Each structure stands twice: as structure tokens, then as C-alpha cells.
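Containing mmCIF, C-alpha atoms: protein_26.cif.
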data_run
#
loop_
_atom_site.label_atom_id
_atom_site.label_comp_id
_atom_site.auth_asym_id
_atom_site.auth_seq_id
_atom_site.Cartn_x
_atom_site.Cartn_y
_atom_site.Cartn_z
CA MET H 27 23.52 45.18 6.21
CA ILE H 28 26.67 47.03 5.11
CA ARG H 29 29.54 44.58 4.63
CA VAL H 30 32.99 45.94 5.55
CA LEU H 31 36.50 44.65 4.82
CA LEU H 32 39.36 45.89 7.03
CA VAL H 33 42.82 46.35 5.47
CA ASP H 34 45.66 47.31 7.81
CA ASP H 35 49.02 45.77 8.65
CA ASP H 36 48.60 46.51 12.37
CA PRO H 37 46.54 43.77 14.09
CA LEU H 38 45.71 46.12 16.96
CA VAL H 39 44.23 48.68 14.59
CA ARG H 40 42.14 45.99 12.91
CA ALA H 41 40.97 44.69 16.29
CA GLY H 42 39.95 48.18 17.38
CA LEU H 43 38.07 48.87 14.15
CA LYS H 44 36.33 45.50 14.33
CA MET H 45 35.19 46.14 17.90
CA MET H 46 33.96 49.60 17.01
CA LEU H 47 32.07 48.58 13.87
CA ARG H 48 30.52 45.47 15.43
CA GLY H 49 28.77 47.75 17.89
CA ALA H 50 27.11 49.72 15.08
CA ASP H 51 23.66 48.83 13.79
CA GLY H 52 23.50 47.67 10.19
CA ILE H 53 27.25 47.10 9.76
CA GLU H 54 29.01 43.74 9.54
CA VAL H 55 32.79 43.19 9.39
CA VAL H 56 33.08 40.36 6.89
CA GLY H 57 36.86 40.04 6.70
CA GLU H 58 40.27 41.53 7.41
CA VAL H 59 43.69 41.38 5.75
CA GLY H 60 47.09 42.77 6.65
CA ASP H 61 48.34 43.91 3.24
CA GLY H 62 47.10 45.46 0.04
CA ALA H 63 48.24 42.46 -1.98
CA ALA H 64 45.53 40.38 -0.30
CA VAL H 65 42.73 42.81 -1.10
CA PRO H 66 41.55 41.50 -4.51
CA GLY H 67 41.19 37.96 -3.18
CA ALA H 68 39.45 39.15 -0.02
CA VAL H 69 37.01 41.24 -2.06
CA ARG H 70 36.19 38.23 -4.26
CA GLN H 71 35.73 36.03 -1.19
CA HIS H 72 33.74 38.37 1.05
CA GLY H 73 31.97 40.76 -1.33
CA PRO H 74 32.26 43.86 0.88
CA ASP H 75 30.33 47.06 0.22
CA VAL H 76 33.01 49.21 1.87
CA VAL H 77 36.76 48.70 2.35
CA LEU H 78 38.62 50.58 5.11
CA MET H 79 42.11 50.83 3.62
CA ASP H 80 45.42 51.76 5.25
CA ILE H 81 48.10 53.34 3.02
CA ARG H 82 51.46 52.21 4.35
CA MET H 83 51.73 48.42 4.19
CA PRO H 84 54.78 46.21 3.59
CA VAL H 85 54.05 44.46 0.27
CA MET H 86 51.42 46.53 -1.54
CA ASP H 87 50.38 50.00 -0.38
CA GLY H 88 46.76 51.00 -0.03
CA ILE H 89 46.74 53.37 -3.01
CA THR H 90 47.97 50.64 -5.35
CA ALA H 91 45.42 48.25 -3.86
CA THR H 92 42.65 50.83 -4.36
CA ARG H 93 43.69 51.33 -7.97
CA ALA H 94 43.53 47.56 -8.50
CA LEU H 95 39.84 47.60 -7.55
CA THR H 96 38.95 50.43 -9.91
CA GLY H 97 36.80 49.37 -12.80
CA ARG H 98 35.85 45.97 -11.34
CA ASP H 99 32.21 44.98 -11.58
CA SER H 100 30.44 45.84 -8.32
CA ALA H 101 33.66 47.26 -6.87
CA PRO H 102 33.33 48.26 -3.21
CA GLN H 103 33.64 51.82 -1.98
CA VAL H 104 37.12 52.44 -0.55
CA ILE H 105 37.71 54.72 2.43
CA VAL H 106 41.38 55.38 3.02
CA LEU H 107 42.00 55.41 6.78
CA THR H 108 45.52 56.54 7.54
CA THR H 109 47.80 58.72 9.66
CA PHE H 110 49.05 60.60 6.58
CA GLY H 111 47.17 63.72 5.48
CA ALA H 112 49.62 65.33 3.03
CA GLU H 113 48.02 66.93 -0.02
CA ASP H 114 49.90 64.72 -2.50
CA THR H 115 48.77 61.58 -0.66
CA VAL H 116 45.13 62.70 -0.58
CA LEU H 117 45.16 63.51 -4.31
CA GLU H 118 46.84 60.22 -5.19
CA ALA H 119 44.25 58.27 -3.20
CA VAL H 120 41.33 60.12 -4.80
CA ARG H 121 42.75 59.65 -8.28
CA ALA H 122 43.20 55.95 -7.53
CA GLY H 123 39.45 55.74 -6.92
CA ALA H 124 39.05 56.19 -3.17
CA ALA H 125 35.58 57.42 -2.25
CA GLY H 126 36.77 58.75 1.10
CA TYR H 127 39.82 59.79 3.08
CA LEU H 128 39.92 59.86 6.87
CA LEU H 129 42.69 60.17 9.43
CA LYS H 130 43.00 57.47 12.07
CA HIS H 131 42.40 59.91 14.92
CA THR H 132 38.87 60.51 13.56
CA GLU H 133 36.23 59.97 16.25
CA PRO H 134 34.71 56.45 16.20
CA GLU H 135 31.17 57.68 15.57
CA GLU H 136 32.44 59.66 12.57
CA ILE H 137 34.11 56.57 11.11
CA VAL H 138 30.87 54.62 11.53
CA GLU H 139 28.91 57.40 9.81
CA ALA H 140 31.55 57.54 7.06
CA VAL H 141 31.01 53.83 6.37
CA ARG H 142 27.27 54.42 6.06
CA ARG H 143 27.76 57.42 3.78
CA ALA H 144 30.25 55.61 1.56
CA ALA H 145 27.82 52.70 1.20
CA ARG H 146 25.26 55.24 -0.07
CA GLY H 147 27.78 56.53 -2.61
CA GLU H 148 28.44 59.80 -0.81
CA PRO H 149 31.96 61.28 -0.51
CA VAL H 150 33.71 61.13 2.85
CA LEU H 151 36.60 63.47 3.62
CA SER H 152 38.34 64.50 6.81
CA PRO H 153 38.70 68.30 7.19
CA SER H 154 42.42 68.11 6.30
CA ALA H 155 41.68 66.04 3.19
CA ALA H 156 38.99 68.51 2.12
CA ARG H 157 41.45 71.38 2.57
CA ALA H 158 43.99 69.51 0.42
CA LEU H 159 41.48 69.16 -2.41
CA ILE H 160 40.47 72.81 -2.12
CA ALA H 161 44.13 73.84 -2.26
CA HIS H 162 44.62 71.66 -5.32
CA ALA H 163 41.61 73.25 -7.04
CA ALA H 164 42.85 76.74 -6.17
CA THR H 165 46.24 76.18 -7.82
CA GLY H 166 45.06 74.85 -11.16
CA SER H 167 47.09 75.29 -14.34
CA SER H 168 45.68 76.21 -17.76
CA SER H 169 46.74 72.85 -19.21
CA ARG H 170 44.96 70.98 -16.41
CA ALA H 171 41.86 73.11 -16.92
CA ASP H 172 41.88 72.42 -20.67
CA ALA H 173 42.25 68.67 -20.08
CA ALA H 174 39.37 68.71 -17.58
CA ARG H 175 37.12 70.65 -19.98
CA GLN H 176 37.80 68.09 -22.70
CA ARG H 177 36.78 65.26 -20.38
CA LEU H 178 33.54 67.07 -19.51
CA ALA H 179 32.78 68.11 -23.09
CA ASP H 180 30.30 65.28 -23.74
CA LEU H 181 28.18 65.98 -20.67
CA SER H 182 24.66 67.25 -21.27
CA GLU H 183 23.65 70.53 -19.65
CA ARG H 184 21.74 68.68 -16.93
CA GLU H 185 24.73 66.42 -16.28
CA ARG H 186 26.87 69.54 -15.96
CA ASP H 187 24.40 70.93 -13.44
CA VAL H 188 24.77 67.75 -11.41
CA ALA H 189 28.58 67.85 -11.69
CA ARG H 190 28.63 71.46 -10.46
CA ALA H 191 26.41 70.56 -7.52
CA VAL H 192 28.62 67.57 -6.67
CA ALA H 193 31.63 69.92 -6.70
CA GLU H 194 29.81 72.04 -4.12
CA GLY H 195 29.45 68.98 -1.91
CA LEU H 196 25.67 68.63 -2.24
CA SER H 197 24.00 65.29 -1.55
CA ASN H 198 21.68 63.64 -4.08
CA THR H 199 18.67 64.87 -2.13
CA GLU H 200 19.98 68.45 -2.12
CA ILE H 201 20.78 68.27 -5.84
CA GLY H 202 17.28 66.99 -6.56
CA ALA H 203 15.75 69.87 -4.59
CA ARG H 204 17.89 72.42 -6.42
CA LEU H 205 17.14 71.02 -9.88
CA HIS H 206 13.50 70.10 -9.08
CA VAL H 207 13.99 66.45 -10.04
CA SER H 208 13.76 63.16 -8.17
CA VAL H 209 16.71 61.54 -6.41
CA GLY H 210 16.45 58.69 -8.92
CA THR H 211 16.88 61.17 -11.77
CA VAL H 212 19.89 62.71 -10.01
CA LYS H 213 21.45 59.25 -9.68
CA ALA H 214 20.86 58.56 -13.37
CA HIS H 215 22.47 61.85 -14.44
CA LEU H 216 25.34 61.29 -12.02
CA SER H 217 25.99 57.77 -13.31
CA SER H 218 25.97 59.03 -16.89
CA ALA H 219 28.31 61.93 -16.02
CA LEU H 220 30.77 59.60 -14.31
CA GLY H 221 30.85 57.33 -17.35
CA LYS H 222 31.28 60.13 -19.88
CA ALA H 223 34.01 61.81 -17.81
CA GLY H 224 35.83 58.52 -17.23
CA VAL H 225 35.89 58.82 -13.45
CA GLU H 226 34.92 56.36 -10.73
CA ASN H 227 33.18 58.42 -8.05
CA ARG H 228 31.80 61.75 -6.91
CA ILE H 229 35.08 63.05 -5.51
CA GLN H 230 36.89 62.50 -8.80
CA LEU H 231 34.03 64.21 -10.65
CA ALA H 232 34.17 67.12 -8.20
CA LEU H 233 37.93 67.50 -8.79
CA LEU H 234 37.39 67.46 -12.52
CA ALA H 235 34.64 70.09 -12.26
CA HIS H 236 36.87 72.30 -10.11
CA ASP H 237 39.76 71.93 -12.56
CA ALA H 238 37.48 72.80 -15.48
CA GLY H 239 36.08 75.84 -13.68
CA GLU H 240 32.57 74.35 -13.62
CA GLU H 241 31.54 76.15 -10.44
#
Represent the structure from my file as C-alpha cells, please.
Amino acid sequence: MIRVLLVDDDPLVRAGLKMMLRGADGIEVVGEVGDGAAVPGAVRQHGPDVVLMDIRMPVMDGITATRALTGRDSAPQVIVLTTFGAEDTVLEAVRAGAAGYLLKHTEPEEIVEAVRRAARGEPVLSPSAARALIAHAATGSSSRADAARQRLADLSERERDVARAVAEGLSNTEIGARLHVSVGTVKAHLSSALGKAGVENRIQLALLAHDAGEE
């Protein structure tokens, strides 16, 4: 069962999400809060696998709340679910550690599938968020590229292969097929690459690989 925490300051939005997710097999809404400041306590109390996080909230915004979860033991996967799709906002959320970014007008079945994918450790991006990351990668500076290469310098060649494949958007199964290794081996290389690069998730690793020109 995938345990989900809802974070949004609009009670109607939370009610709609709860109704939608409760109708999905294998998903349980374990809690809800109306502000980012309440997220750490709710995560400790409910132990969610996935957090659906709004951005604009009155006391603590969703990006700050996401950043507060980064680095915690057994931290949940965070999917930002918002009405704002500006490139700067997408990048800030990803750098804060969000594993996904969806707009609130996303179809219900796509949100449900996004929760399942995030729980498996797969990246989840709306088309506009994906375009924002592509635009960011396409406008890289030499200083940013140098910094990214330094952060990837300790990766083994196989870890670099995995990072390149992640940057292409491949799943673990697809990476395993390409590299002729098991999914378990892919996960091990991915975990090691994340640790060496100092990033929290696949999307951050993909950004770093794009910045470094590892494509």
C-alpha cells in the first residue's frame, strides 16, 4: 500500500485529491495538512511514501517544506502539485529535492499514476515542467558545466552510463536492458551515483548530467 500525505492550504483541493486517491487500488491517504510548516511533524506521524505538495501556502511554502525533508532518513518522495509552471519555479522545486512536478489541471488518472511512479523512485514531470528543464539544459553556462563535471568526477564509468540513461528519461528496466545488467544492479549503480554526486533523486542527477554534457 502506498501511503500518501496531502499538503495544500485549500480544503476543497485536499478533499478532491482524497476522494480521487481513495478510489485507486493500492493507495492510502494517511494524512493531510494545510501548510508547509506542518509537513515535518506530519511525516513523522504518518510515515508517508509520497507527499503531494502545493507551493503557495501562507506560513511555509512548498519548496521550503520540500527542502526541509531532504536528507532525512527514509524521506518520502515529494510531488509538487501546483498551478504555477514557470521555469524558475520548476527548477527551484527540483533543486529542493522534489521527485516530481505536476500542474493541478493534470487528469486524475495521471496524478494517480504519478503517485505510483514516484513510490517506485521514478521521475514525474508534467509536459510544461519537462520543457522547463530542457530549456534550462539548453542554456547552460561554462561555469555551470564545469561545476557539474566536478560533481560527477568520482562516478565510475558504469555509474556514468546510468546517469546518462537517467538523463534520457529511461526507466530502471530500460537501463538494465541497454547495459545488459539486472534492475537490481541498475538500482545499486544509481544509488551510488546519487551519493557521489550529492543529489537526492533521478531528476537532480539528470539535470547534473545535462549540465555536464553527459549525453
Name all residues at most 12 Å from H:Pro102 (count all atoms listed in the file; drop same-chain ones fewer than 4 positions away) and give them as a PyMOL selection string.
chain H and resi 28-31+65-66+68-70+72-79+92-98+123-126+141+144-147+226-227
Hey, which of H:Val188, H:Pro134, H:Gly221, H:Leu216 ends up closest to H:Ala203? Count all atoms listed in the file.
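Going through H:Val188, H:Pro134, H:Gly221, H:Leu216 one by one, the smallest distance to H:Ala203 is for H:Val188.
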What residues have an atom no more than 10 Å from (34.0, 62.6, -9.0) in the file's own frame, counting only C-alpha atoms, and can you write them as a VMD selection string?
chain H and resid 120 to 121 123 125 149 189 192 to 193 216 219 to 220 223 to 235
Which residues are close to H:Gly52, i.e. within 7 Å by only C-alpha atoms, leaving aside same-chain residues fewer than 2 positions away? Reply as a PyMOL selection string.
chain H and resi 27-28+50+54
One number please: atom CA of H:Ala119 to atom CA of H:Ile201, in Å, one decimal.
25.6 Å
Please identify all polymer residues within 7 Å of H:Ala63, counting all atoms listed in the file, omitting same-chain residues fewer than 2 positions from it, and present them as JSON, numbers by chain.
{"H": [61, 65, 85, 86, 91]}
What is the distance between atom CA of H:Arg184 and atom CA of H:His215, in Å to one decimal?
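For atom CA of H:Arg184 relative to atom CA of H:His215, the distance reads 7.3 Å.
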Counting all atoms listed in the file, which of H:Glu113, H:Asp180, H:Asp187, H:Glu58 gets nearest to H:Ala156?
H:Glu113
State, in Å with one decimal place, the distance from atom CA of H:Asp34 to atom CA of H:Gly60.
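Going from atom CA of H:Asp34 over to atom CA of H:Gly60, I get 4.9 Å.
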H:Asp87, H:Glu148, H:Glu118, H:Glu136: which is nearest H:Gly62, counting all atoms listed in the file?
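When distances to H:Gly62 are compared using all atoms listed in the file, the smallest one comes from H:Asp87.
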For a quick check of understanding, using only C-alpha atoms, which of H:Met46, H:Leu32, H:Leu205, H:Ala214 has the smallest distance to H:Ala64?
H:Leu32
Under the PyMOL selection byres ((chain H and resi 153) around 10), which residues of this model are included? Write them out as a list in words.
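Applying the PyMOL selection byres ((chain H and resi 153) around 10) to the structure shown produces Gly111, Tyr127, Leu128, Leu129, Val150, Leu151, Ser152, Ser154, Ala155, Ala156, Arg157 and Ala158 of chain H.
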Write out the residues from the selection above, keeping C-alpha atoms, as a compact mmCIF listing (two decimals), in the frame of the given file.
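The resulting file, again39.txt, is reproduced below:
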# COMPACT_ATOMS: atom_id res chain seq x y z
CA GLY H 111 47.17 63.72 5.48
CA TYR H 127 39.82 59.79 3.08
CA LEU H 128 39.92 59.86 6.87
CA LEU H 129 42.69 60.17 9.43
CA VAL H 150 33.71 61.13 2.85
CA LEU H 151 36.60 63.47 3.62
CA SER H 152 38.34 64.50 6.81
CA SER H 154 42.42 68.11 6.30
CA ALA H 155 41.68 66.04 3.19
CA ALA H 156 38.99 68.51 2.12
CA ARG H 157 41.45 71.38 2.57
CA ALA H 158 43.99 69.51 0.42
Just want the 12 Å neighbourhood of H:Arg175, counted on all atoms listed in the file, with same-chain residues fewer than 3 positions away dropped. Output as number ranges by chain.
H: 168-172, 178-181, 186, 223, 231, 233-240
Determine the nearest neighbour of H:Ser218 from the options H:Asp35, H:Asp51, H:Glu185, H:Glu194, counting all atoms listed in the file.
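Among H:Asp35, H:Asp51, H:Glu185, H:Glu194, it is H:Glu185 that comes nearest to H:Ser218.
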Please determine, counting all atoms listed in the file, which residue among H:Ile89, H:Val138, H:Arg82, H:Ile105 has the shortest atom-to-atom distance to H:Met45.
H:Val138
Edge lengths and centre in Å, axis-aligned, stretch 83-97 of chain H plus 3 Å each side, as AutoDock Vina command-line options:
--center_x 45.8 --center_y 48.9 --center_z -4.3 --size_x 24.0 --size_y 14.9 --size_z 23.0
